[in-house]
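Text of work-v2.csv, listed as CSV, C-alpha atoms and all ligand atoms:
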chain,number,residue,atom,x,y,z
A,286,MET,CA,0.0,0.0,0.0
A,287,ILE,CA,1.1,3.5,-0.8
A,288,SER,CA,-0.5,6.8,-0.1
A,289,PHE,CA,-0.4,9.9,-2.3
A,290,ASP,CA,-1.4,13.4,-1.6
A,291,LEU,CA,-3.5,14.3,-4.6
A,292,LYS,CA,-4.9,17.6,-5.8
A,293,CYS,CA,-7.9,18.3,-7.9
A,294,ASP,CA,-8.2,21.1,-10.4
A,295,GLY,CA,-10.3,22.9,-7.8
A,296,GLY,CA,-7.3,23.1,-5.5
A,297,HIS,CA,-8.5,20.5,-3.0
A,298,VAL,CA,-5.7,18.3,-1.5
A,299,PHE,CA,-6.6,14.9,-0.3
A,300,GLU,CA,-4.9,11.6,0.6
A,301,ILE,CA,-5.7,8.4,-1.2
A,302,TRP,CA,-4.2,4.9,-0.8
A,303,PHE,CA,-3.2,2.7,-3.7
A,304,ARG,CA,-1.9,-0.8,-4.0
A,305,SER,CA,1.0,0.5,-6.0
A,306,SER,CA,2.3,3.5,-7.9
A,307,ALA,CA,1.2,1.8,-11.1
A,308,ASP,CA,-2.3,1.4,-9.7
A,309,TYR,CA,-2.4,5.2,-9.1
A,310,GLU,CA,-1.2,5.8,-12.7
A,311,SER,CA,-3.8,3.5,-14.3
A,312,GLN,CA,-6.7,4.8,-12.1
A,313,ARG,CA,-5.7,8.4,-12.9
A,314,ALA,CA,-5.4,7.7,-16.6
A,315,GLY,CA,-8.9,6.0,-16.4
A,316,ARG,CA,-10.3,9.0,-14.6
A,317,GLN,CA,-11.4,6.7,-11.7
A,318,ILE,CA,-10.1,9.0,-9.0
A,319,ALA,CA,-12.5,11.7,-7.9
A,320,CYS,CA,-11.9,14.5,-5.4
A,321,PRO,CA,-13.9,13.7,-2.3
A,322,TYR,CA,-14.7,17.4,-1.9
A,323,CYS,CA,-16.0,18.4,-5.4
A,324,GLY,CA,-15.9,15.2,-7.4
A,325,GLY,CA,-13.3,16.6,-9.8
A,326,GLN,CA,-11.6,13.8,-11.7
A,327,ASP,CA,-8.8,16.0,-13.0
A,328,VAL,CA,-6.3,15.0,-10.3
A,329,SER,CA,-2.6,15.0,-10.0
A,330,LYS,CA,0.0,14.5,-7.3
A,331,ALA,CA,0.2,17.5,-5.0
A,332,VAL,CA,3.7,18.7,-4.6
A,333,MET,CA,4.2,19.0,-0.9
A,334,ALA,CA,6.7,21.2,0.9
A,335,PRO,CA,7.0,22.1,4.6
A,336,ALA,CA,5.3,25.3,5.5
A,337,VAL,CA,7.8,28.0,6.5
A,338,GLY,CA,7.3,29.0,10.1
A,339,ALA,CA,9.0,31.2,12.5
A,340,LYS,CA,12.1,29.7,14.3
A,341,GLY,CA,11.1,27.8,17.4
A,342,ASN,CA,7.6,27.6,16.1
A,343,ARG,CA,8.1,25.0,13.4
A,344,ARG,CA,4.8,23.9,12.0
A,345,SER,CA,4.2,20.4,10.7
A,346,GLU,CA,1.5,21.2,8.2
A,347,VAL,CA,2.3,20.8,4.6
A,348,LEU,CA,1.0,23.0,1.9
A,349,PRO,CA,0.9,22.5,-1.9
A,350,VAL,CA,3.5,24.6,-3.5
A,351,ASP,CA,1.9,25.5,-6.8
A,352,THR,CA,-1.6,26.3,-5.8
A,353,PRO,CA,-3.0,29.1,-3.8
A,354,SER,CA,-4.6,27.7,-0.6
A,355,PRO,CA,-8.3,27.4,-1.1
A,356,SER,CA,-10.4,29.7,1.0
A,357,HIS,CA,-12.4,28.2,3.8
A,358,ALA,CA,-15.6,29.4,5.4
A,359,VAL,CA,-14.7,30.7,8.8
A,360,ALA,CA,-16.4,32.3,11.7
A,361,THR,CA,-15.3,34.0,14.9
A,362,ILE,CA,-16.0,31.8,18.0
A,363,PRO,CA,-16.6,33.7,21.2
A,364,ASP,CA,-15.3,31.2,23.8
A,365,ALA,CA,-13.8,27.7,24.2
A,366,GLN,CA,-17.1,26.2,25.2
A,367,SER,CA,-18.6,27.2,21.9
A,368,ILE,CA,-15.7,25.5,20.1
A,369,HIS,CA,-16.5,22.2,21.9
A,370,ARG,CA,-20.2,22.6,21.1
A,371,ILE,CA,-19.5,23.2,17.4
A,372,LYS,CA,-17.1,20.3,17.2
A,373,ALA,CA,-19.6,18.0,19.0
A,374,LEU,CA,-22.3,19.1,16.5
A,375,ILE,CA,-20.1,18.4,13.5
A,376,ASN,CA,-19.3,15.0,14.9
A,377,GLU,CA,-23.0,14.3,15.4
A,378,LEU,CA,-23.6,15.5,11.8
A,379,ALA,CA,-20.9,13.2,10.5
A,380,GLU,CA,-22.4,10.2,12.4
A,381,ALA,CA,-25.9,11.0,11.3
A,382,GLN,CA,-24.7,11.2,7.7
A,383,THR,CA,-23.0,7.8,8.1
A,384,ARG,CA,-26.2,6.3,9.5
A,385,ALA,CA,-28.3,7.8,6.7
A,386,LEU,CA,-25.9,6.4,4.1
A,387,ALA,CA,-25.7,2.9,5.7
A,388,ASP,CA,-28.0,1.4,3.1
A,389,SER,CA,-26.8,3.6,0.3
A,390,GLN,CA,-24.4,2.5,-2.3
A,391,TRP,CA,-21.3,4.6,-3.2
A,392,VAL,CA,-21.3,5.0,-7.0
A,393,GLY,CA,-18.7,7.7,-7.2
A,394,ALA,CA,-18.6,9.7,-10.4
A,395,ALA,CA,-21.4,7.5,-11.9
A,396,PHE,CA,-23.8,9.3,-9.6
A,397,THR,CA,-25.3,11.7,-12.2
A,398,GLU,CA,-25.8,8.9,-14.7
A,399,ARG,CA,-27.3,6.4,-12.2
A,400,ALA,CA,-29.6,9.0,-10.6
A,401,ARG,CA,-31.0,10.1,-14.0
A,402,ALA,CA,-31.5,6.4,-15.1
A,403,MET,CA,-33.5,5.8,-11.9
A,404,HIS,CA,-35.5,9.0,-12.3
A,405,TYR,CA,-36.4,8.2,-15.9
A,406,GLY,CA,-37.3,4.6,-15.1
A,407,GLU,CA,-34.3,3.1,-16.9
A,408,ALA,CA,-32.9,1.6,-13.8
A,409,GLU,CA,-34.3,0.2,-10.5
A,410,GLN,CA,-34.7,2.5,-7.6
A,411,ALA,CA,-31.9,2.3,-5.1
A,412,ALA,CA,-30.3,4.5,-2.5
A,413,ILE,CA,-27.0,5.8,-4.0
A,414,HIS,CA,-24.5,8.5,-3.2
A,415,GLY,CA,-21.5,9.7,-5.1
A,416,THR,CA,-20.1,12.8,-6.7
A,417,ALA,CA,-21.5,15.5,-9.0
A,418,SER,CA,-20.4,18.9,-9.9
A,419,LEU,CA,-22.5,21.9,-8.7
A,420,GLU,CA,-23.7,22.4,-12.2
A,421,GLU,CA,-24.8,18.8,-12.5
A,422,ALA,CA,-26.5,18.9,-9.1
A,423,ARG,CA,-28.4,22.0,-10.2
A,424,ALA,CA,-29.4,20.5,-13.5
A,425,MET,CA,-30.7,17.4,-11.7
A,426,ALA,CA,-32.7,19.4,-9.3
A,427,GLU,CA,-34.2,21.3,-12.2
A,428,GLU,CA,-35.2,18.0,-13.8
A,429,GLY,CA,-37.0,17.1,-10.7
A,430,LEU,CA,-34.5,14.6,-9.2
A,431,ALA,CA,-34.4,14.5,-5.5
A,432,VAL,CA,-30.7,15.0,-4.8
A,433,ALA,CA,-29.1,16.6,-1.8
A,434,PRO,CA,-25.6,17.7,-1.0
A,435,LEU,CA,-23.7,15.7,1.7
A,436,LEU,CA,-22.7,18.0,4.5
A,437,VAL,CA,-19.6,16.2,5.5
A,438,PRO,CA,-17.0,15.2,2.9
A,439,ILE,CA,-16.5,11.5,2.7
A,440,ALA,CA,-13.7,9.5,1.3
A,441,PRO,CA,-14.8,7.2,-1.6
A,442,PRO,CA,-14.8,3.7,0.0
A,443,ASP,CA,-13.4,2.1,-3.1
A,444,GLN,CA,-10.4,4.3,-3.0
A,445,THR,CA,-9.4,4.0,0.6
A,446,ASN,CA,-8.3,0.4,0.6
B,501,ZN,ZN,-11.9,19.1,-5.5
What would the structure in this file look like if it were written as structure tokens?
Ligand SMILES: [Zn+2]
Amino acid sequence: MISFDLKCDGGHVFEIWFRSSADYESQRAGRQIACPYCGGQDVSKAVMAPAVGAKGNRRSEVLPVDTPSPSHAVATIPDAQSIHRIKALINELAEAQTRALADSQWVGAAFTERARAMHYGEAEQAAIHGTASLEEARAMAEEGLAVAPLLVPIAPPDQTN
């Protein structure tokens, strides 16, 4: 097993395990790797370098060298107790999402195609989850498909082992 830090064209960096380097190359060439955050399949190895920190305050985080760091939604938090409450809620949310998806099948990038096939009666109804671009999700909603964004990013199960 070997793990690579990968980067999508949306600037997300994520870690994925492969059986071998050759496995990574073939999966990438076959566009079988999708960014767990946005579903982007245009992925490449992230070039990692240690973040430069002040002396005596060496930080262990690594940042991709050739991409601007993506902006994150942030909020001011008034006190430590609030931080714990927010973290607890996020954990609950993640657990609730996991329970909700227990009977759902991960279909990865095939989501749009599978959801449409079910909607138009070309495939049997089933609970599925996977990846779709924002544009695809909007288009599906406009066509009357019941799709919802997942609130907590999940690592594609077929790519983590
Ligand atoms: Zn992405």
A:Phe396, A:Tyr309, A:Phe299, A:Phe289: which is nearest ligand ZN 501 (chain B), counting all atoms listed in the file?
->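 Among A:Phe396, A:Tyr309, A:Phe299, A:Phe289, it is A:Phe299 that comes nearest to ligand ZN 501 (chain B).
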Of the candidates A:Asp388, A:Glu407, A:Asp327, A:Glu380, which one gets nearest to Gly296 in chain A if we count only C-alpha atoms?
-> A:Asp327
Arg313 in chain A surroundings by only C-alpha atoms, 10 Å radius, close-in-sequence under 5 positions cut, as a list in words =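 Once the nearby chain positions are removed, what remains is Ala307, Asp308, Ile318, Ala319, Gln326, Asp327, Val328 and Ser329 of chain A.
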What residues have any atom no more than 10 Å from ligand ZN 501 (chain B) when counting all atoms listed in the file, and can you list them as a short mmCIF file (atom, residue, chain, number, x, y, z; two decimals) with C-alpha atoms, in the coordinates of the input?
data_model
loop_
_atom_site.label_atom_id
_atom_site.label_comp_id
_atom_site.auth_asym_id
_atom_site.auth_seq_id
_atom_site.Cartn_x
_atom_site.Cartn_y
_atom_site.Cartn_z
CA LEU A 291 -3.50 14.30 -4.60
CA LYS A 292 -4.90 17.60 -5.80
CA CYS A 293 -7.90 18.30 -7.90
CA ASP A 294 -8.20 21.10 -10.40
CA GLY A 295 -10.30 22.90 -7.80
CA GLY A 296 -7.30 23.10 -5.50
CA HIS A 297 -8.50 20.50 -3.00
CA VAL A 298 -5.70 18.30 -1.50
CA PHE A 299 -6.60 14.90 -0.30
CA ALA A 319 -12.50 11.70 -7.90
CA CYS A 320 -11.90 14.50 -5.40
CA PRO A 321 -13.90 13.70 -2.30
CA TYR A 322 -14.70 17.40 -1.90
CA CYS A 323 -16.00 18.40 -5.40
CA GLY A 324 -15.90 15.20 -7.40
CA GLY A 325 -13.30 16.60 -9.80
CA GLN A 326 -11.60 13.80 -11.70
CA ASP A 327 -8.80 16.00 -13.00
CA VAL A 328 -6.30 15.00 -10.30
CA SER A 418 -20.40 18.90 -9.90
#
Expressed in Å to a single decimal, how great is the separation between CA of Glu377 in chain A and CA of Asp364 in chain A?
-> 20.4 Å
Spatial neighbours of Glu398 in chain A, max dist 12 Å, all atoms listed in the file, sep filter under 3 positions, as a list in words |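 Neighbouring residues, sequence-local ones excluded: Val392, Gly393, Ala394, Ala395, Arg401, Ala402, Met403, His404, Tyr405, Glu407, Ala408, Ile413, His414, Gly415, Thr416, Ala417, Glu421, Ala422, Met425 and Leu430 of chain A.
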At what distance in Å, to one decimal, does CA of Trp391 in chain A lie from CA of Ile301 in chain A?
->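 Calculated distance between CA of Ile301 in chain A and CA of Trp391 in chain A is 16.2 Å.
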